[in-house]
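For reference, structure-v1.cif (mmCIF, C-alpha atoms):
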data_entry
#
loop_
_atom_site.label_atom_id
_atom_site.label_comp_id
_atom_site.auth_asym_id
_atom_site.auth_seq_id
_atom_site.Cartn_x
_atom_site.Cartn_y
_atom_site.Cartn_z
CA MET A 1 -0.73 -11.93 22.00
CA PRO A 2 -0.07 -10.54 18.50
CA SER A 3 3.29 -11.55 17.06
CA ILE A 4 5.05 -10.26 13.95
CA ARG A 5 7.42 -12.80 12.45
CA LYS A 6 10.11 -12.67 9.81
CA SER A 7 8.12 -15.07 7.61
CA LEU A 8 5.21 -12.61 7.36
CA LEU A 9 7.49 -9.70 6.48
CA GLN A 10 9.24 -11.75 3.78
CA PHE A 11 5.93 -13.06 2.45
CA VAL A 12 4.65 -9.52 1.88
CA PHE A 13 7.96 -8.58 0.26
CA SER A 14 7.81 -11.59 -2.09
CA GLY A 15 5.43 -9.70 -4.37
CA ALA A 16 8.53 -7.85 -5.59
CA TYR A 17 9.54 -11.07 -7.39
CA MET A 18 6.13 -11.80 -8.91
CA LYS A 19 5.98 -10.63 -12.52
CA ARG A 20 2.71 -9.74 -14.20
CA TRP A 21 1.76 -10.16 -17.86
CA ASN A 22 4.81 -12.40 -18.18
CA ASP A 23 3.38 -14.06 -21.29
CA LYS A 24 3.22 -10.68 -23.08
CA LEU A 25 5.81 -8.32 -24.52
CA ARG A 26 6.39 -5.62 -21.91
CA PRO A 27 8.14 -2.23 -22.11
CA VAL A 28 9.04 -2.49 -18.39
CA GLU A 29 8.75 -5.21 -15.76
CA LEU A 30 5.31 -5.13 -14.17
CA LEU A 31 5.29 -6.53 -10.64
CA GLU A 32 2.50 -7.73 -8.38
CA VAL A 33 3.51 -5.53 -5.46
CA ASP A 34 3.39 -2.44 -7.70
CA LYS A 35 -0.05 -3.33 -9.01
CA GLN A 36 -1.35 -3.87 -5.48
CA ALA A 37 0.01 -0.47 -4.44
CA HIS A 38 -1.70 1.27 -7.36
CA LYS A 39 -4.90 -0.65 -6.64
CA MET A 40 -4.98 0.43 -2.99
CA ILE A 41 -4.27 4.06 -3.86
CA VAL A 42 -7.26 4.03 -6.20
CA ALA A 43 -9.31 2.14 -3.59
CA TRP A 44 -8.55 4.95 -1.13
CA LEU A 45 -9.77 7.55 -3.63
CA LEU A 46 -13.01 5.63 -4.18
CA LEU A 47 -13.39 5.09 -0.43
CA GLN A 48 -13.12 8.83 0.17
CA LEU A 49 -15.70 9.70 -2.47
CA ASN A 50 -18.19 6.95 -1.63
CA THR A 51 -18.28 7.64 2.10
CA ARG A 52 -18.98 11.36 1.95
CA GLY A 53 -21.76 12.11 4.41
CA LEU A 54 -21.60 8.75 6.18
CA PRO A 55 -21.31 8.70 9.99
CA ALA A 56 -17.75 8.39 11.26
CA GLU A 57 -18.34 4.89 12.61
CA GLU A 58 -19.62 3.65 9.26
CA ARG A 59 -16.68 5.22 7.43
CA LEU A 60 -14.25 3.44 9.73
CA ARG A 61 -16.00 0.10 9.28
CA LEU A 62 -15.96 0.43 5.52
CA GLY A 63 -12.35 1.60 5.54
CA ALA A 64 -11.29 -1.46 7.52
CA GLU A 65 -13.13 -3.73 5.08
CA VAL A 66 -11.37 -2.11 2.12
CA VAL A 67 -7.88 -2.24 3.66
CA GLU A 68 -8.14 -5.78 4.98
CA GLY A 69 -9.90 -6.99 1.83
CA GLY A 70 -7.00 -5.59 -0.17
CA LEU A 71 -4.48 -7.35 2.07
CA PHE A 72 -6.37 -10.65 1.91
CA ASP A 73 -6.63 -10.46 -1.90
CA TYR A 74 -2.87 -9.87 -2.05
CA PHE A 75 -2.09 -12.81 0.23
CA TYR A 76 -4.34 -15.09 -1.84
CA ARG A 77 -2.72 -13.92 -5.06
CA LEU A 78 0.78 -14.55 -3.73
CA VAL A 79 -0.11 -18.18 -3.01
CA ILE A 80 -1.75 -18.89 -6.39
CA THR A 81 0.97 -17.02 -8.26
CA ASP A 82 1.19 -19.41 -11.24
CA ILE A 83 -2.55 -19.50 -12.04
CA LYS A 84 -3.49 -17.11 -14.85
CA PRO A 85 -6.59 -14.96 -14.13
CA PRO A 86 -8.77 -16.60 -16.83
CA VAL A 87 -8.04 -20.03 -15.33
CA PHE A 88 -8.76 -18.74 -11.81
CA TYR A 89 -12.12 -17.32 -12.92
CA ARG A 90 -13.02 -20.71 -14.40
CA ILE A 91 -12.15 -22.40 -11.12
CA LYS A 92 -14.24 -19.86 -9.22
CA GLU A 93 -17.30 -20.73 -11.32
CA ASN A 94 -17.23 -24.25 -9.86
CA GLU A 95 -18.11 -24.10 -6.16
CA ALA A 96 -16.42 -27.39 -5.26
CA HIS A 97 -13.21 -26.57 -7.11
CA TYR A 98 -13.05 -23.05 -5.65
CA ARG A 99 -13.61 -24.35 -2.12
CA GLU A 100 -10.84 -26.90 -2.55
CA LEU A 101 -8.42 -24.26 -3.88
CA THR A 102 -9.32 -21.84 -1.09
CA GLU A 103 -8.79 -24.38 1.66
CA TRP A 104 -5.36 -25.18 0.22
CA VAL A 105 -4.57 -21.44 0.19
CA ALA A 106 -5.69 -21.19 3.82
CA GLU A 107 -3.37 -24.03 4.79
CA GLU A 108 -0.47 -22.29 3.07
CA LEU A 109 -1.23 -18.98 4.80
CA GLU A 110 -1.96 -20.21 8.31
CA HIS A 111 1.59 -20.54 9.64
CA ILE A 112 2.50 -17.18 8.09
CA VAL A 113 -0.47 -15.02 9.04
CA ARG A 114 -2.16 -16.57 12.07
CA PRO A 115 0.57 -15.67 14.61
CA LEU A 116 -0.05 -11.97 13.88
CA ASP A 117 -3.51 -11.98 15.44
CA GLU A 118 -6.27 -14.58 15.81
CA ASP A 119 -9.08 -12.15 15.01
CA PHE A 120 -7.25 -10.94 11.89
CA TRP A 121 -6.78 -14.58 10.84
CA GLN A 122 -10.47 -15.37 11.30
CA ARG A 123 -11.45 -12.32 9.23
CA LEU A 124 -9.09 -13.53 6.50
CA LEU A 125 -10.74 -16.96 6.46
CA THR A 126 -14.22 -15.45 6.30
CA TYR A 127 -13.18 -13.19 3.43
CA ILE A 128 -11.47 -15.73 1.20
CA ARG A 129 -14.23 -18.32 1.71
CA ARG A 130 -16.89 -15.96 0.39
CA ARG A 131 -17.42 -16.66 -3.31
CA GLU A 132 -19.79 -13.74 -3.90
CA LYS A 133 -18.37 -10.36 -3.06
CA ASN A 134 -20.94 -7.62 -3.66
CA THR A 135 -20.66 -5.29 -0.67
CA LEU A 136 -19.64 -1.66 -1.19
CA ALA A 137 -16.12 -2.48 0.02
CA ASP A 138 -15.94 -5.40 -2.41
CA ARG A 139 -17.05 -3.23 -5.31
CA ILE A 140 -14.53 -0.51 -4.43
CA LEU A 141 -11.74 -3.10 -4.44
CA THR A 142 -12.96 -4.62 -7.71
CA ALA A 143 -13.10 -1.22 -9.43
CA ALA A 144 -9.63 -0.35 -8.12
CA HIS A 145 -8.30 -3.71 -9.33
CA LEU A 146 -9.78 -3.19 -12.80
CA TYR A 147 -8.33 0.31 -13.02
CA ALA A 148 -4.82 -0.70 -11.91
CA SER A 149 -4.75 -3.79 -14.15
CA GLY A 150 -6.19 -1.84 -17.07
CA TRP A 151 -3.56 0.85 -16.56
CA GLU A 152 -0.88 -1.83 -16.96
CA PHE A 153 -2.66 -3.28 -19.97
CA ASN A 154 -2.58 0.07 -21.74
CA LEU A 155 1.21 0.06 -21.36
CA ILE A 156 1.66 -3.29 -23.10
CA LYS A 157 -1.20 -2.99 -25.60
CA PRO A 158 0.73 -1.12 -28.35
CA LEU A 159 3.52 -3.74 -28.25
CA ASN A 160 1.24 -6.78 -28.59
CA THR A 161 -0.86 -6.06 -31.66
CA PHE A 162 0.09 -9.51 -33.00
CA ASP A 163 -1.47 -11.24 -29.96
CA ASP A 164 -5.01 -12.43 -30.66
CA GLU A 165 -5.90 -12.36 -26.93
CA MET A 166 -5.52 -8.59 -26.69
CA PRO A 167 -8.94 -7.49 -28.07
CA ASP A 168 -10.80 -9.75 -25.64
CA ILE A 169 -8.71 -8.56 -22.69
CA ASP A 170 -9.21 -4.94 -23.70
CA GLY A 171 -12.95 -5.36 -24.05
CA SER A 172 -13.20 -7.13 -20.71
CA PHE A 173 -11.50 -4.31 -18.82
CA GLN A 174 -13.62 -1.62 -20.46
CA THR A 175 -16.90 -3.48 -20.02
CA ARG A 176 -16.34 -4.49 -16.41
CA LEU A 177 -15.13 -1.07 -15.25
CA THR A 178 -17.92 0.74 -17.09
CA ALA A 179 -20.43 -1.52 -15.33
CA MET A 180 -19.24 0.00 -12.03
CA ALA A 181 -19.78 3.61 -13.10
CA ASP A 182 -22.45 4.03 -10.40
CA LEU A 183 -19.60 4.24 -7.87
CA ALA A 184 -18.55 7.84 -7.26
CA GLY A 185 -15.18 8.45 -8.90
CA VAL A 186 -15.28 5.60 -11.41
CA PRO A 187 -16.48 7.76 -14.37
CA GLU A 188 -13.59 10.14 -13.67
CA LEU A 189 -11.10 7.26 -13.60
CA ILE A 190 -12.48 6.01 -16.91
CA GLY A 191 -11.97 9.53 -18.27
CA GLY A 192 -8.25 9.27 -17.61
CA SER A 193 -6.18 12.44 -17.56
CA SER A 194 -9.06 14.60 -18.75
CA ASN A 195 -9.95 15.36 -15.12
CA ALA A 196 -8.17 15.96 -11.81
CA LEU A 197 -9.03 12.60 -10.25
CA GLY A 198 -7.87 10.65 -13.29
CA ARG A 199 -4.68 12.70 -13.49
CA PHE A 200 -3.90 12.00 -9.84
CA ALA A 201 -4.44 8.24 -10.24
CA ASN A 202 -2.24 8.28 -13.35
CA LEU A 203 0.46 10.31 -11.58
CA CYS A 204 0.59 7.78 -8.76
CA GLY A 205 0.99 5.00 -11.32
CA GLN A 206 4.13 6.63 -12.63
CA LEU A 207 5.87 5.74 -9.37
CA ARG A 208 6.07 2.21 -10.81
CA PHE A 209 8.84 3.47 -13.09
CA GLN A 210 10.98 4.97 -10.33
CA LYS A 211 13.44 2.42 -8.96
CA ARG A 212 14.75 2.68 -5.43
CA TRP A 213 18.51 2.57 -4.83
CA SER A 214 18.73 3.65 -8.46
CA GLN A 215 22.55 3.68 -8.56
CA THR A 216 22.90 0.34 -6.77
CA PRO A 217 22.32 -3.01 -8.54
CA ARG A 218 19.93 -5.24 -6.56
CA ILE A 219 17.86 -8.40 -6.89
CA PRO A 220 15.00 -7.88 -6.80
CA GLU A 221 14.74 -4.27 -7.83
CA THR A 222 11.90 -2.45 -6.10
CA SER A 223 10.00 0.59 -7.24
CA VAL A 224 8.93 3.52 -5.11
CA ILE A 225 5.25 2.56 -5.36
CA GLY A 226 5.96 -1.05 -4.40
CA HIS A 227 7.99 0.12 -1.41
CA MET A 228 5.10 2.34 -0.32
CA PHE A 229 2.70 -0.63 -0.31
CA ILE A 230 5.12 -2.80 1.66
CA VAL A 231 5.49 -0.05 4.25
CA ALA A 232 1.69 0.27 4.42
CA CYS A 233 1.32 -3.47 5.08
CA TYR A 234 4.00 -3.43 7.77
CA ALA A 235 2.39 -0.37 9.38
CA TYR A 236 -0.95 -2.19 9.58
CA PHE A 237 0.72 -5.22 11.18
CA PHE A 238 2.62 -3.01 13.65
CA SER A 239 -0.63 -1.21 14.50
CA ILE A 240 -2.29 -4.51 15.38
CA ALA A 241 0.72 -5.50 17.48
CA VAL A 242 0.64 -2.31 19.58
CA GLY A 243 -3.15 -2.38 20.05
CA ALA A 244 -3.98 0.66 17.91
CA CYS A 245 -7.62 1.70 17.63
CA PRO A 246 -9.36 1.21 14.22
CA ALA A 247 -8.87 4.82 13.06
CA ARG A 248 -5.19 4.70 13.95
CA ARG A 249 -4.71 1.42 12.07
CA LEU A 250 -6.25 2.85 8.92
CA ASN A 251 -4.33 6.12 9.16
CA ASN A 252 -1.06 4.26 9.60
CA PHE A 253 -1.78 2.07 6.57
CA PHE A 254 -2.56 5.05 4.35
CA CYS A 255 0.32 7.11 5.74
CA GLY A 256 2.61 4.25 4.71
CA LEU A 257 0.89 3.99 1.34
CA PHE A 258 1.46 7.67 0.53
CA HIS A 259 4.61 8.54 2.47
CA ASP A 260 6.87 8.72 -0.60
CA LEU A 261 4.28 10.17 -2.97
CA PRO A 262 6.22 13.46 -3.41
CA GLU A 263 9.02 11.46 -5.02
CA VAL A 264 6.92 11.26 -8.19
CA LEU A 265 7.88 14.92 -8.53
CA THR A 266 11.43 14.87 -7.10
CA ARG A 267 12.69 11.28 -7.69
CA ASP A 268 14.08 8.98 -5.02
CA ILE A 269 17.18 10.41 -3.35
CA ILE A 270 19.28 7.91 -1.42
CA SER A 271 20.20 8.64 2.21
CA PRO A 272 23.96 9.22 1.67
CA VAL A 273 23.17 12.01 -0.77
CA LYS A 274 20.57 13.52 1.57
CA ARG A 275 23.11 13.50 4.41
CA SER A 276 25.92 14.96 2.30
CA VAL A 277 24.74 18.56 2.72
CA LYS A 278 23.31 19.67 6.06
CA GLN A 279 20.53 21.81 4.60
CA LEU A 280 19.63 19.41 1.78
CA PRO A 281 16.82 17.46 3.52
CA GLU A 282 14.99 20.68 4.41
CA LEU A 283 15.45 22.08 0.89
CA ILE A 284 14.08 18.86 -0.58
CA ARG A 285 11.12 18.99 1.80
CA GLN A 286 10.31 22.57 0.83
CA TYR A 287 10.52 21.74 -2.87
CA GLU A 288 8.33 18.65 -2.43
CA GLU A 289 5.66 20.64 -0.61
CA GLN A 290 5.68 23.36 -3.28
CA GLU A 291 5.41 20.86 -6.13
CA MET A 292 2.69 18.86 -4.36
CA GLN A 293 0.72 22.04 -3.72
CA GLU A 294 0.88 23.16 -7.34
CA ARG A 295 0.52 19.81 -9.12
CA VAL A 296 -1.70 17.82 -6.75
CA PHE A 297 -3.48 19.68 -3.96
CA ALA A 298 -4.47 22.79 -5.90
CA LEU A 299 -5.81 20.76 -8.84
CA LEU A 300 -7.83 18.43 -6.61
CA ASP A 301 -9.19 21.37 -4.62
CA LYS A 302 -10.19 23.30 -7.72
CA ALA A 303 -12.02 20.26 -9.12
CA GLY A 304 -14.15 19.82 -5.99
CA TYR A 305 -11.98 17.25 -4.21
CA GLY A 306 -10.86 19.48 -1.37
CA ASP A 307 -11.69 16.77 1.16
CA VAL A 308 -9.44 14.32 -0.70
CA ALA A 309 -6.59 16.85 -0.78
CA SER A 310 -7.05 17.63 2.93
CA ARG A 311 -6.95 13.98 3.91
CA LEU A 312 -3.89 13.36 1.78
CA GLY A 313 -2.23 16.36 3.40
CA TYR A 314 -2.87 14.83 6.83
CA PHE A 315 -1.16 11.60 5.83
CA LEU A 316 1.81 13.56 4.46
CA GLY A 317 2.15 15.66 7.62
CA LEU A 318 1.68 19.07 6.01
CA ALA A 319 0.44 20.65 9.24
CA THR A 320 3.47 19.60 11.29
CA GLY A 321 6.25 19.41 8.72
CA SER A 322 6.74 15.63 8.59
CA GLU A 323 4.72 12.54 7.76
CA PHE A 324 6.63 10.85 10.58
CA ASP A 325 5.10 12.93 13.37
CA GLU A 326 2.60 11.46 15.82
CA THR A 327 -0.56 13.52 15.47
CA VAL A 328 -4.23 13.76 16.36
CA ARG A 329 -6.98 15.94 14.94
CA GLU A 330 -9.09 17.75 17.51
CA PRO A 331 -12.44 19.43 16.78
CA ALA A 332 -12.36 23.16 16.18
CA PRO A 333 -12.75 25.14 19.43
CA ASP A 334 -16.15 26.37 20.55
CA GLY A 335 -17.17 29.58 18.82
CA ALA A 336 -15.23 28.85 15.65
CA PRO A 337 -17.14 29.47 12.39
CA ASP A 338 -19.03 26.53 10.91
CA GLY A 339 -16.87 24.45 8.63
CA THR A 340 -13.65 25.25 10.49
CA ALA A 341 -11.17 22.41 9.98
CA PRO A 342 -10.08 20.28 12.94
CA VAL A 343 -6.84 21.30 14.63
CA VAL A 344 -3.88 19.00 14.00
CA ARG A 345 -1.76 18.57 17.11
CA LYS A 346 1.53 16.73 17.64
CA VAL A 347 1.55 14.17 20.43
CA THR A 348 3.93 11.50 21.68
CA PHE A 349 3.88 7.78 21.05
CA ASP A 350 3.07 7.22 24.72
CA GLU A 351 0.02 9.47 24.38
CA LEU A 352 -1.08 7.51 21.31
CA GLN A 353 -0.83 4.36 23.38
CA SER A 354 -3.01 5.80 26.15
CA THR A 355 -5.24 8.89 26.16
CA CYS A 356 -5.12 9.49 22.39
CA ASN A 357 -5.77 5.94 21.21
CA ILE A 358 -9.42 6.66 20.37
CA ASP A 359 -11.13 6.91 17.00
CA ALA A 360 -12.62 10.34 17.68
CA LEU A 361 -9.13 11.91 17.72
CA ASP A 362 -8.20 10.46 14.31
CA PRO A 363 -4.74 9.44 15.60
CA LYS A 364 -1.78 8.75 13.32
CA ASP A 365 1.63 7.34 14.22
CA GLY A 366 4.98 8.75 13.17
CA ARG A 367 7.78 6.68 14.69
CA LEU A 368 5.88 3.49 13.94
CA VAL A 369 5.51 4.29 10.24
CA LYS A 370 9.13 5.45 10.08
CA ALA A 371 10.22 2.15 11.63
CA CYS A 372 8.27 0.31 8.94
CA ASP A 373 9.85 2.47 6.24
CA THR A 374 13.30 1.66 7.61
CA LEU A 375 12.49 -2.03 7.99
CA ALA A 376 11.32 -2.22 4.37
CA ALA A 377 14.54 -0.55 3.18
CA PHE A 378 16.57 -2.95 5.35
CA ILE A 379 14.80 -5.98 3.84
CA GLU A 380 15.38 -4.63 0.33
CA ALA A 381 19.11 -4.43 0.99
CA HIS A 382 19.36 -7.66 2.98
CA THR A 383 17.43 -9.66 0.38
CA SER A 384 19.66 -8.50 -2.44
CA VAL A 385 22.80 -9.45 -0.53
CA ARG A 386 21.34 -12.88 0.25
CA ASN A 387 20.57 -13.25 -3.46
CA GLY A 388 24.24 -12.66 -4.29
CA VAL A 389 24.09 -9.06 -5.50
CA THR A 390 25.88 -6.77 -3.09
CA SER A 391 27.77 -3.48 -2.92
CA SER A 392 29.32 -1.21 -0.35
CA HIS A 393 26.11 0.87 -0.31
CA LEU A 394 23.99 -2.16 0.57
CA GLN A 395 26.43 -3.47 3.18
CA GLU A 396 26.67 -0.05 4.81
CA ALA A 397 22.89 0.33 4.82
CA ILE A 398 22.34 -3.08 6.45
CA ALA A 399 24.81 -2.34 9.24
CA ARG A 400 23.58 1.22 9.81
CA LEU A 401 19.86 0.44 9.86
CA ARG A 402 20.28 -2.60 12.10
CA GLY A 403 22.39 -0.52 14.48
CA GLU A 404 19.91 2.35 14.58
CA TYR A 405 17.06 0.06 15.63
CA ARG A 406 18.97 -2.36 17.86
CA ARG A 407 17.34 -1.09 21.06
CA VAL A 408 14.13 0.43 19.67
CA SER A 409 10.77 -0.69 21.05
CA LEU A 410 7.28 0.60 20.33
CA GLY A 411 5.17 -0.28 23.34
CA PRO A 412 5.00 -4.09 23.44
CA LEU A 413 6.72 -4.42 20.06
CA HIS A 414 10.52 -4.84 20.09
CA VAL A 415 11.50 -3.50 16.66
CA GLY A 416 15.17 -4.32 17.17
CA ALA A 417 14.30 -8.01 17.53
CA LEU A 418 12.71 -7.96 14.05
CA PHE A 419 15.94 -6.62 12.54
CA ALA A 420 17.94 -9.21 14.47
CA ASP A 421 15.84 -12.01 12.95
CA PHE A 422 17.54 -11.31 9.61
CA ASP A 423 20.99 -12.86 10.08
#
Go through the file and emit its structure as structure tokens.
Amino acid sequence: MPSIRKSLLQFVFSGAYMKRWNDKLRPVELLEVDKQAHKMIVAWLLLQLNTRGLPAEERLRLGAEVVEGGLFDYFYRLVITDIKPPVFYRIKENEAHYRELTEWVAEELEHIVRPLDEDFWQRLLTYIRRREKNTLADRILTAAHLYASGWEFNLIKPLNTFDDEMPDIDGSFQTRLTAMADLAGVPELIGGSSNALGRFANLCGQLRFQKRWSQTPRIPETSVIGHMFIVACYAYFFSIAVGACPARRLNNFFCGLFHDLPEVLTRDIISPVKRSVKQLPELIRQYEEQEMQERVFALLDKAGYGDVASRLGYFLGLATGSEFDETVREPAPDGAPDGTAPVVRKVTFDELQSTCNIDALDPKDGRLVKACDTLAAFIEAHTSVRNGVTSSHLQEAIARLRGEYRRVSLGPLHVGALFADFD
């Protein structure tokens, strides 16, 4: 039976400590969890564009390969944290050395990941033991990695003109990403902000600069984009634990990955402020929707990415008013004009666990993703207090969030028990 443990949740969160480019002069701290978030956002864009016209079953299979490949890459990276990329690539060139390193990584991961689900664990082993990764899912992840890492590099490049490694690094990013220009969307990403797709990817990257709990000192600090990725990971784990169908797993991951995207336009607003005025949450929601429509959806739609905008809108709950609603998408009724969009309908968690837990309905959780959002916030506060940096805001948040979820269960998953694991 699938089991989510504290060690897995903390392991995913540990990317908030892992600094990138830490041998270079940096204008801001660049963290592994933030890079992985940006990478998976770009991977989703490329997934959308490179699966147009594919049968639904093939799209789901490819989507699962991209999401789980991204998770497995992240897990591997967290274990080999101190090995610089050039050294890792040298190791990978030697089959015996790479196999030895990978088996050590597997040993380190087993007690953390295997309790979640045996099938998930076996897929992880198969993935990390493959030296050659040339499938479409692999190439999407590689292109997304190169874009996200190159985006970071462009931040530090002007400050490191004295560093003789910089020209080689710069050339490597440009050459390797250009070599993947046959993938739909990659030329637009290379073009940067000169097109709607590049502007959207760049806009998402700016969430790296927005710190959560901005008025509250914490260790480690977490950004909005890093938080989004952590929630996405937790949502995928929760989906496995409750027996979600493949489409529901993917939708929950991407709902978590995008749930705070509007904050790039409004900034993170802490809960006490939101609760201070009764009408404030609804006013914020209306403003977020207006800004997203003008600065994201309309631009993507105008540039021919209406399907991307529509899918993003589904994750953000535009049809129902909240990203934390349980929903399905039903085919348009008989007699509707060709091209009529599916009808989004709110359902209950119990329905998602029974009659609606099928790929054809494109199901998406609400309470489950919200629980993961809350759990991630709780771990942010709890970790800081355990690290010796506390405040009344953090103490109040820990007590309130633990109390809210004390008796909450989602099907076979007792969410309150997860909170209780953090003493």
Mind giving me the straight-line distance from CA of Ala148 (chain A) to CA of Gly191 (chain A) in Å, one decimal? 14.0 Å
Find the residues near Thr327 (chain A): any atom within 8 Å, counting all atoms listed in the file, skip ones fewer than 4 places away on the same chain, and give them as an mmCIF file with C-alpha atoms, in the coordinates of the input.
data_model
loop_
_atom_site.group_PDB
_atom_site.id
_atom_site.type_symbol
_atom_site.label_atom_id
_atom_site.label_comp_id
_atom_site.auth_asym_id
_atom_site.auth_seq_id
_atom_site.Cartn_x
_atom_site.Cartn_y
_atom_site.Cartn_z
ATOM 1 C CA VAL A 344 -3.880 19.000 14.000
ATOM 2 C CA ARG A 345 -1.760 18.570 17.110
ATOM 3 C CA LYS A 346 1.530 16.730 17.640
ATOM 4 C CA VAL A 347 1.550 14.170 20.430
ATOM 5 C CA THR A 348 3.930 11.500 21.680
ATOM 6 C CA PRO A 363 -4.740 9.440 15.600
ATOM 7 C CA LYS A 364 -1.780 8.750 13.320
ATOM 8 C CA ASP A 365 1.630 7.340 14.220
ATOM 9 C CA GLY A 366 4.980 8.750 13.170
#
Residues of region 128-234 of chain A that approach region 388-395 of chain A to 12 Å or less, counting all atoms listed in the file: could you list each one with the shortest pair of atoms and its distance in Å to one decimal, rows by chain and increasing residue number, as CSV?
residue,atom,partner,partner_atom,distance
A:Trp213,CA,A:His393,CA,9.0
A:Ser214,CA,A:His393,CA,11.3
A:Gln215,CA,A:His393,CA,9.4
A:Thr216,CA,A:His393,CA,7.2
A:Pro217,CA,A:Val389,CA,7.0
A:Arg218,CA,A:Val389,CA,5.7
A:Ile219,CA,A:Val389,CA,6.4
A:Pro220,CA,A:Val389,CA,9.3
A:Glu221,CA,A:Val389,CA,10.8
List the residues selected by the PyMOL selection byres ((chain A and resi 16-23) around 7) in the file shown, writing them as a ChimeraX atom specification. /A:13-15,24,29-33,220,222
Would you save the residues of that selection, restricted to C-alpha atoms, as a CSV table (one decimal), in the coordinates of the input?
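To be explicit, this is the file written out as again35.csv:
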chain,number,residue,atom,x,y,z
A,13,PHE,CA,8.0,-8.6,0.3
A,14,SER,CA,7.8,-11.6,-2.1
A,15,GLY,CA,5.4,-9.7,-4.4
A,24,LYS,CA,3.2,-10.7,-23.1
A,29,GLU,CA,8.8,-5.2,-15.8
A,30,LEU,CA,5.3,-5.1,-14.2
A,31,LEU,CA,5.3,-6.5,-10.6
A,32,GLU,CA,2.5,-7.7,-8.4
A,33,VAL,CA,3.5,-5.5,-5.5
A,220,PRO,CA,15.0,-7.9,-6.8
A,222,THR,CA,11.9,-2.4,-6.1
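CA of Arg367 (chain A) lies 7.5 Å from CA of Phe349 (chain A).
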Can you tell me which residues surround Asp421 (chain A) at a distance of at most 10 Å, considering only C-alpha atoms, apart from same-chain residues fewer than 2 positions away, and format the answer as a PyMOL selection string? chain A and resi 5-7+416-419+423
Considering only C-alpha atoms, return as number ranges by chain whatever protein or nucleic-acid residues lie within 12 Å of Val28 (chain A), sequence-local ones (same chain, fewer than 5 positions apart) excluded. A: 19-22, 152-153, 155-156, 159, 206, 208-211, 223
Fewer than 6 positions away in the same chain doesn't count, so skip those; otherwise give me all residues within 10 Å of Val66 (chain A), counting all atoms listed in the file, as JSON, numbers by chain. {"A": [40, 43, 44, 47, 60, 72, 136, 137, 138, 139, 140, 141, 250]}
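Coordinates place CA of Pro262 (chain A) at a distance of 29.4 Å from CA of Pro158 (chain A).
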Can you spell out as a list in words the set of residues that the PyMOL selection byres ((chain A and resi 307) around 12) selects in the structure I just provided? Leu45, Leu47, Gln48, Leu49, Thr51, Arg52, Gly53, Phe297, Ala298, Leu300, Asp301, Lys302, Ala303, Gly304, Tyr305, Gly306, Val308, Ala309, Ser310, Arg311, Leu312, Gly313, Tyr314, Gly339 and Ala341 of chain A
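Residues matched by the PyMOL selection byres ((chain A and resi 147) around 10) in this file are Lys35, His38, Lys39, Val42, Ala43, Leu141, Thr142, Ala143, Ala144, His145, Leu146, Ala148, Ser149, Gly150, Trp151, Glu152, Phe153, Phe173, Gln174, Arg176, Leu177, Val186, Leu189, Ile190 and Ala201 of chain A.
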Pick out the residues sitting within 12 Å of region 126-131 of chain A, and hand them over as a PyMOL selection string; count all atoms listed in the file, and ignore anything fewer than 4 positions along from it in its own chain. chain A and resi 65-66+68-77+89+91-106+109+119-122+135+137-138
